[in-house]
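Undergrad: For reference, the file coords01.pdb (PDB, C-alpha atoms) is included below:
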MODEL        1
ATOM      1  CA  MET A 111     181.033  83.396 180.159
ATOM      2  CA  LYS A 112     177.667  81.855 180.939
ATOM      3  CA  LEU A 113     176.125  85.317 181.026
ATOM      4  CA  VAL A 114     177.477  86.242 177.568
ATOM      5  CA  LYS A 115     176.229  82.968 176.162
ATOM      6  CA  SER A 116     172.756  83.531 177.599
ATOM      7  CA  LEU A 117     172.633  87.091 176.255
ATOM      8  CA  LEU A 118     173.624  85.972 172.736
ATOM      9  CA  LEU A 119     171.101  83.130 172.642
ATOM     10  CA  GLY A 120     168.390  85.406 174.000
ATOM     11  CA  SER A 121     169.154  88.074 171.414
ATOM     12  CA  VAL A 122     169.034  85.560 168.540
ATOM     13  CA  ALA A 123     165.749  84.117 169.805
ATOM     14  CA  GLY A 124     164.255  87.593 170.158
ATOM     15  CA  LEU A 125     165.301  88.603 166.620
ATOM     16  CA  ALA A 126     163.868  85.396 165.175
ATOM     17  CA  ALA A 127     160.546  85.984 166.951
ATOM     18  CA  VAL A 128     160.309  89.606 165.733
ATOM     19  CA  ALA A 129     161.204  88.668 162.149
ATOM     20  CA  GLY A 130     158.658  85.856 162.172
ATOM     21  CA  ALA A 131     155.954  88.157 163.476
ATOM     22  CA  GLN A 132     156.680  90.762 160.803
ATOM     23  CA  ALA A 133     156.615  88.165 158.032
ATOM     24  CA  ALA A 134     153.280  86.840 159.254
ATOM     25  CA  ASP A 135     151.765  90.332 159.169
ATOM     26  CA  LEU A 136     152.521  90.889 155.481
ATOM     27  CA  PRO A 137     149.592  90.423 153.084
ATOM     28  CA  VAL A 138     150.000  87.521 150.713
ATOM     29  CA  ALA A 139     148.833  88.250 147.191
ATOM     30  CA  LYS A 140     148.693  85.454 144.669
ATOM     31  CA  ALA A 141     150.577  86.639 141.584
ATOM     32  CA  ALA A 142     149.066  85.931 138.198
ATOM     33  CA  PRO A 143     151.184  83.580 136.096
ATOM     34  CA  VAL A 144     153.258  85.380 133.498
ATOM     35  CA  GLU A 145     153.587  83.879 130.053
ATOM     36  CA  TYR A 146     157.131  84.718 129.013
ATOM     37  CA  VAL A 147     157.262  82.777 125.757
ATOM     38  CA  ARG A 148     154.239  82.319 123.550
ATOM     39  CA  VAL A 149     154.434  79.764 120.782
ATOM     40  CA  CYS A 150     153.758  81.083 117.280
ATOM     41  CA  SER A 151     152.284  78.290 115.190
ATOM     42  CA  THR A 152     151.409  80.526 112.217
ATOM     43  CA  TYR A 153     154.708  79.952 110.359
ATOM     44  CA  GLY A 154     155.495  76.398 111.423
ATOM     45  CA  ALA A 155     157.347  74.658 114.212
ATOM     46  CA  GLY A 156     160.022  76.417 116.235
ATOM     47  CA  PHE A 157     158.667  79.981 116.098
ATOM     48  CA  PHE A 158     157.815  82.023 119.184
ATOM     49  CA  TYR A 159     156.528  85.557 119.691
ATOM     50  CA  ILE A 160     159.037  88.225 120.687
ATOM     51  CA  PRO A 161     157.580  89.589 123.967
ATOM     52  CA  GLY A 162     155.614  92.804 123.481
ATOM     53  CA  THR A 163     155.323  92.406 119.693
ATOM     54  CA  GLU A 164     153.452  90.392 117.114
ATOM     55  CA  THR A 165     156.727  89.310 115.457
ATOM     56  CA  CYS A 166     157.509  85.601 115.350
ATOM     57  CA  LEU A 167     161.136  84.500 115.656
ATOM     58  CA  ARG A 168     162.887  81.189 115.084
ATOM     59  CA  VAL A 169     166.448  80.705 116.306
ATOM     60  CA  GLY A 170     168.348  77.791 114.825
ATOM     61  CA  GLY A 171     171.779  76.458 114.210
ATOM     62  CA  ARG A 172     174.080  73.500 114.218
ATOM     63  CA  VAL A 173     177.609  72.486 115.127
ATOM     64  CA  ARG A 174     179.755  69.885 113.400
ATOM     65  CA  ALA A 175     183.198  68.649 114.401
ATOM     66  CA  GLU A 176     185.622  66.514 112.393
ATOM     67  CA  LEU A 177     188.880  64.735 113.087
ATOM     68  CA  LEU A 178     191.320  63.892 110.293
ATOM     69  CA  TYR A 179     194.305  61.594 110.452
ATOM     70  CA  VAL A 180     196.817  61.373 107.601
ATOM     71  CA  GLU A 181     200.005  59.345 107.437
ATOM     72  CA  PRO A 182     202.847  61.862 107.952
ATOM     73  CA  GLU A 183     205.665  61.901 105.413
ATOM     74  CA  THR A 184     208.141  63.468 107.837
ATOM     75  CA  ARG A 185     208.268  64.014 111.573
ATOM     76  CA  ASP A 186     207.436  67.684 111.107
ATOM     77  CA  ASP A 187     204.102  66.997 109.390
ATOM     78  CA  ASP A 188     200.853  67.279 111.321
ATOM     79  CA  ALA A 189     199.253  63.863 111.379
ATOM     80  CA  ILE A 190     196.035  64.952 113.108
ATOM     81  CA  GLY A 191     193.737  67.811 112.172
ATOM     82  CA  PHE A 192     190.570  69.222 113.682
ATOM     83  CA  ARG A 193     187.757  71.102 111.982
ATOM     84  CA  ALA A 194     184.807  72.700 113.736
ATOM     85  CA  ARG A 195     181.924  74.309 111.879
ATOM     86  CA  GLY A 196     179.025  76.201 113.338
ATOM     87  CA  ARG A 197     175.923  77.882 111.968
ATOM     88  CA  ILE A 198     173.563  80.331 113.643
ATOM     89  CA  GLN A 199     170.414  81.539 111.926
ATOM     90  CA  LEU A 200     167.592  83.909 112.846
ATOM     91  CA  ASP A 201     164.270  84.040 110.993
ATOM     92  CA  ALA A 202     161.797  86.796 111.968
ATOM     93  CA  ARG A 203     158.336  87.167 110.425
ATOM     94  CA  THR A 204     155.600  89.757 110.902
ATOM     95  CA  ALA A 205     152.199  89.928 109.236
ATOM     96  CA  THR A 206     151.489  93.450 107.934
ATOM     97  CA  ALA A 207     148.609  95.004 106.022
ATOM     98  CA  TYR A 208     150.682  94.741 102.821
ATOM     99  CA  GLY A 209     151.788  91.134 103.254
ATOM    100  CA  LEU A 210     154.417  89.171 105.107
ATOM    101  CA  LEU A 211     157.579  90.947 106.238
ATOM    102  CA  ARG A 212     160.417  88.466 106.715
ATOM    103  CA  THR A 213     164.034  89.009 107.710
ATOM    104  CA  PHE A 214     166.561  86.196 107.668
ATOM    105  CA  VAL A 215     170.254  85.994 108.516
ATOM    106  CA  ARG A 216     172.601  82.989 108.646
ATOM    107  CA  PHE A 217     176.178  83.140 109.956
ATOM    108  CA  GLU A 218     178.688  80.356 109.379
ATOM    109  CA  MET A 219     182.017  79.895 111.161
ATOM    110  CA  THR A 220     184.833  77.393 110.466
ATOM    111  CA  ARG A 221     188.044  76.634 112.363
ATOM    112  CA  ASP A 222     190.715  74.338 110.849
ATOM    113  CA  THR A 223     193.938  73.137 112.472
ATOM    114  CA  GLY A 224     196.661  70.591 111.885
ATOM    115  CA  ALA A 225     196.364  68.192 108.959
ATOM    116  CA  TYR A 226     193.708  70.326 107.260
ATOM    117  CA  GLY A 227     196.548  72.475 105.982
ATOM    118  CA  PHE A 228     197.259  75.485 108.096
ATOM    119  CA  SER A 229     195.381  76.857 111.080
ATOM    120  CA  SER A 230     192.619  79.129 109.871
ATOM    121  CA  THR A 231     189.440  80.672 111.141
ATOM    122  CA  SER A 232     186.730  82.003 108.881
ATOM    123  CA  ALA A 233     183.384  83.613 109.572
ATOM    124  CA  ASN A 234     180.955  84.760 106.934
ATOM    125  CA  VAL A 235     177.378  85.811 106.370
ATOM    126  CA  ASP A 236     175.973  82.998 104.263
ATOM    127  CA  GLN A 237     172.543  84.550 103.761
ATOM    128  CA  ALA A 238     170.958  87.846 104.795
ATOM    129  CA  PHE A 239     167.790  89.070 103.127
ATOM    130  CA  ILE A 240     164.475  90.837 103.578
ATOM    131  CA  GLN A 241     161.255  89.680 101.941
ATOM    132  CA  PHE A 242     158.260  91.961 101.694
ATOM    133  CA  GLY A 243     155.211  91.590  99.490
ATOM    134  CA  GLY A 244     156.848  89.057  97.161
ATOM    135  CA  LEU A 245     160.095  91.021  96.759
ATOM    136  CA  THR A 246     163.368  89.561  98.094
ATOM    137  CA  ALA A 247     166.382  91.826  98.595
ATOM    138  CA  GLY A 248     169.775  90.831  99.972
ATOM    139  CA  ARG A 249     172.008  87.792  99.779
ATOM    140  CA  ALA A 250     169.754  84.807  99.239
ATOM    141  CA  LEU A 251     169.995  81.454  97.487
ATOM    142  CA  SER A 252     167.597  80.682  94.674
ATOM    143  CA  PHE A 253     166.118  77.400  93.538
ATOM    144  CA  PHE A 254     168.675  77.357  90.715
ATOM    145  CA  ASP A 255     171.693  77.336  93.034
ATOM    146  CA  ASN A 256     173.617  74.148  93.613
ATOM    147  CA  GLY A 257     176.527  74.543  95.976
ATOM    148  CA  ASP A 258     177.834  71.070  95.129
ATOM    149  CA  LEU A 259     178.721  72.019  91.553
ATOM    150  CA  PRO A 260     182.271  73.218  90.950
ATOM    151  CA  THR A 261     182.661  76.709  89.497
ATOM    152  CA  GLU A 262     185.829  76.154  87.469
ATOM    153  CA  HIS A 263     184.446  73.637  84.943
ATOM    154  CA  PHE A 264     182.954  74.775  81.677
ATOM    155  CA  GLY A 265     179.180  74.559  81.503
ATOM    156  CA  THR A 266     178.444  74.967  85.195
ATOM    157  CA  LEU A 267     175.703  77.480  85.766
ATOM    158  CA  ARG A 268     175.298  79.370  89.006
ATOM    159  CA  PHE A 269     172.962  82.220  89.633
ATOM    160  CA  SER A 270     174.430  83.700  92.791
ATOM    161  CA  ASP A 271     177.776  84.856  94.086
ATOM    162  CA  ALA A 272     178.124  81.887  96.436
ATOM    163  CA  PRO A 273     181.609  80.339  96.240
TER     164      PRO A 273
ENDMDL
END
Kindly transcribe the structure held in the file into structure tokens.
TA:
Amino acid sequence: MKLVKSLLLGSVAGLAAVAGAQAADLPVAKAAPVEYVRVCSTYGAGFFYIPGTETCLRVGGRVRAELLYVEPETRDDDAIGFRARGRIQLDARTATAYGLLRTFVRFEMTRDTGAYGFSSTSANVDQAFIQFGGLTAGRALSFFDNGDLPTEHFGTLRFSDAP
């Protein structure tokens, strides 16, 4: 048993010495630092260059959660409800010879359960448009839109198809 133990320890020591000698023989080259994300300050805070392009991108979003408690009228009623809302938006901008090229998309998701009525999940594209040389095409809000105004009352003016 002592012989096997000596052979194993000797083999491990020999392998460690050979590996150490090989590692010491390798040339060590100092790698130049790589800049993965460059900040794009041309269009404001939060933009960065997409690697390999001159396009600036801003990724944004938010999440909101709510809890609702209502006094139940019967034992079968849901007394507690949860609502979660999320928004993801991407804003890409590129300077061209003809002016700024901008693409924008905003997704919104909502999940309701319990006292909010019935369980429902909704996802929609709130805005998606392209701007180029002063022209805007797509689903965009204008300065005349007011999402807080109800649409069913007489005299309310809205200039988009937003609900």
Undergrad: Between segment 185-239 of chain A and segment 157-172 of chain A, at 10 Å or less, what are the per-residue closest atom pairs and their distances in Å? Count all atoms listed in the file, order by chain and rising residue number, and return it as a tab-separated table.
TA:
residue	atom	partner	partner_atom	distance
A:Arg195	CA	A:Arg172	CA	8.2
A:Gly196	CA	A:Arg172	CA	5.7
A:Arg197	CA	A:Gly171	CA	4.9
A:Ile198	CA	A:Gly171	CA	4.3
A:Gln199	CA	A:Gly170	CA	5.2
A:Leu200	CA	A:Val169	CA	4.9
A:Asp201	CA	A:Arg168	CA	5.2
A:Ala202	CA	A:Leu167	CA	4.4
A:Arg203	CA	A:Cys166	CA	5.2
A:Thr204	CA	A:Thr165	CA	4.7
A:Ala205	CA	A:Thr165	CA	7.7
A:Thr206	CA	A:Glu164	CA	9.9
A:Leu211	CA	A:Thr165	CA	9.4
A:Arg212	CA	A:Thr165	CA	9.5
A:Thr213	CA	A:Leu167	CA	9.6
A:Phe214	CA	A:Arg168	CA	9.7
A:Arg216	CA	A:Gly171	CA	8.6
A:Phe217	CA	A:Gly171	CA	9.1
A:Glu218	CA	A:Gly171	CA	9.3
Undergrad: Export C-alpha atoms of the chosen residues as a PDB file, in the coordinates of the input?
TA:
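Final output, out_21.pdb:
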ATOM      1  CA  ARG A 195     181.924  74.309 111.879  1.00  0.00           C
ATOM      2  CA  GLY A 196     179.025  76.201 113.338  1.00  0.00           C
ATOM      3  CA  ARG A 197     175.923  77.882 111.968  1.00  0.00           C
ATOM      4  CA  ILE A 198     173.563  80.331 113.643  1.00  0.00           C
ATOM      5  CA  GLN A 199     170.414  81.539 111.926  1.00  0.00           C
ATOM      6  CA  LEU A 200     167.592  83.909 112.846  1.00  0.00           C
ATOM      7  CA  ASP A 201     164.270  84.040 110.993  1.00  0.00           C
ATOM      8  CA  ALA A 202     161.797  86.796 111.968  1.00  0.00           C
ATOM      9  CA  ARG A 203     158.336  87.167 110.425  1.00  0.00           C
ATOM     10  CA  THR A 204     155.600  89.757 110.902  1.00  0.00           C
ATOM     11  CA  ALA A 205     152.199  89.928 109.236  1.00  0.00           C
ATOM     12  CA  THR A 206     151.489  93.450 107.934  1.00  0.00           C
ATOM     13  CA  LEU A 211     157.579  90.947 106.238  1.00  0.00           C
ATOM     14  CA  ARG A 212     160.417  88.466 106.715  1.00  0.00           C
ATOM     15  CA  THR A 213     164.034  89.009 107.710  1.00  0.00           C
ATOM     16  CA  PHE A 214     166.561  86.196 107.668  1.00  0.00           C
ATOM     17  CA  ARG A 216     172.601  82.989 108.646  1.00  0.00           C
ATOM     18  CA  PHE A 217     176.178  83.140 109.956  1.00  0.00           C
ATOM     19  CA  GLU A 218     178.688  80.356 109.379  1.00  0.00           C
TER      20      GLU A 218
END
Undergrad: Restricting the calculation to only C-alpha atoms, which member of A:Gly156, A:Gly227, A:Gly243, A:Gly209 is positioned closest to Ile190 of chain A?
TA: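 With only C-alpha atoms as the atom set, the closest residue is A:Gly227.
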Undergrad: So which one's closest to Gly244 of chain A, A:Tyr208, A:Lys140, A:Ser151, A:Ser229? Using only C-alpha atoms, please.
TA: A:Tyr208
Undergrad: Find the residues around Ser230 of chain A up to 12 Å (all atoms listed in the file counted), leave out those fewer than 2 positions away in its own chain, and share them as a PDB file with C-alpha atoms, in the frame of the given file.
TA:
ATOM      1  CA  GLY A 191     193.737  67.811 112.172  1.00  0.00           C
ATOM      2  CA  PHE A 192     190.570  69.222 113.682  1.00  0.00           C
ATOM      3  CA  ARG A 193     187.757  71.102 111.982  1.00  0.00           C
ATOM      4  CA  ALA A 194     184.807  72.700 113.736  1.00  0.00           C
ATOM      5  CA  ARG A 195     181.924  74.309 111.879  1.00  0.00           C
ATOM      6  CA  MET A 219     182.017  79.895 111.161  1.00  0.00           C
ATOM      7  CA  THR A 220     184.833  77.393 110.466  1.00  0.00           C
ATOM      8  CA  ARG A 221     188.044  76.634 112.363  1.00  0.00           C
ATOM      9  CA  ASP A 222     190.715  74.338 110.849  1.00  0.00           C
ATOM     10  CA  THR A 223     193.938  73.137 112.472  1.00  0.00           C
ATOM     11  CA  GLY A 224     196.661  70.591 111.885  1.00  0.00           C
ATOM     12  CA  ALA A 225     196.364  68.192 108.959  1.00  0.00           C
ATOM     13  CA  TYR A 226     193.708  70.326 107.260  1.00  0.00           C
ATOM     14  CA  GLY A 227     196.548  72.475 105.982  1.00  0.00           C
ATOM     15  CA  PHE A 228     197.259  75.485 108.096  1.00  0.00           C
ATOM     16  CA  SER A 232     186.730  82.003 108.881  1.00  0.00           C
ATOM     17  CA  ALA A 233     183.384  83.613 109.572  1.00  0.00           C
TER      18      ALA A 233
END
Undergrad: Enter the distance from atom CA of Ala238 of chain A to atom CA of Val173 of chain A, in Å, rounded to one decimal.
TA: 19.7 Å
Undergrad: When you draw a straight line from atom CA of Ala207 of chain A to atom CA of Ala155 of chain A, how long is it in Å?
TA: 23.6 Å
Undergrad: What residues come out when you apply the PyMOL selection byres ((chain A and resi 237) around 7) to this file, written as a PDB file with C-alpha atoms, keeping the file's coordinate frame?
TA:
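The resulting file, expr11.pdb, is reproduced below:
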ATOM      1  CA  VAL A 215     170.254  85.994 108.516  1.00  0.00           C
ATOM      2  CA  ARG A 216     172.601  82.989 108.646  1.00  0.00           C
ATOM      3  CA  VAL A 235     177.378  85.811 106.370  1.00  0.00           C
ATOM      4  CA  ASP A 236     175.973  82.998 104.263  1.00  0.00           C
ATOM      5  CA  ALA A 238     170.958  87.846 104.795  1.00  0.00           C
ATOM      6  CA  PHE A 239     167.790  89.070 103.127  1.00  0.00           C
ATOM      7  CA  ARG A 249     172.008  87.792  99.779  1.00  0.00           C
ATOM      8  CA  ALA A 250     169.754  84.807  99.239  1.00  0.00           C
TER       9      ALA A 250
END
Undergrad: Work out how far apart atom CA of Leu210 of chain A and atom CA of Leu245 of chain A are and give it in Å to one decimal.
TA: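 Rounded to one decimal, the two atoms are 10.3 Å apart.
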Undergrad: Using all atoms of segment 224-243 of chain A that appear in the file, construct an axis-aligned enclosing box with 4 Å of padding on every side and provide its centre coordinates and edge lengths in Å, rounded to one decimal, as AutoDock Vina command-line options.
TA:
--center_x 176.2 --center_y 80.1 --center_z 105.7 --size_x 50.0 --size_y 31.8 --size_z 20.4
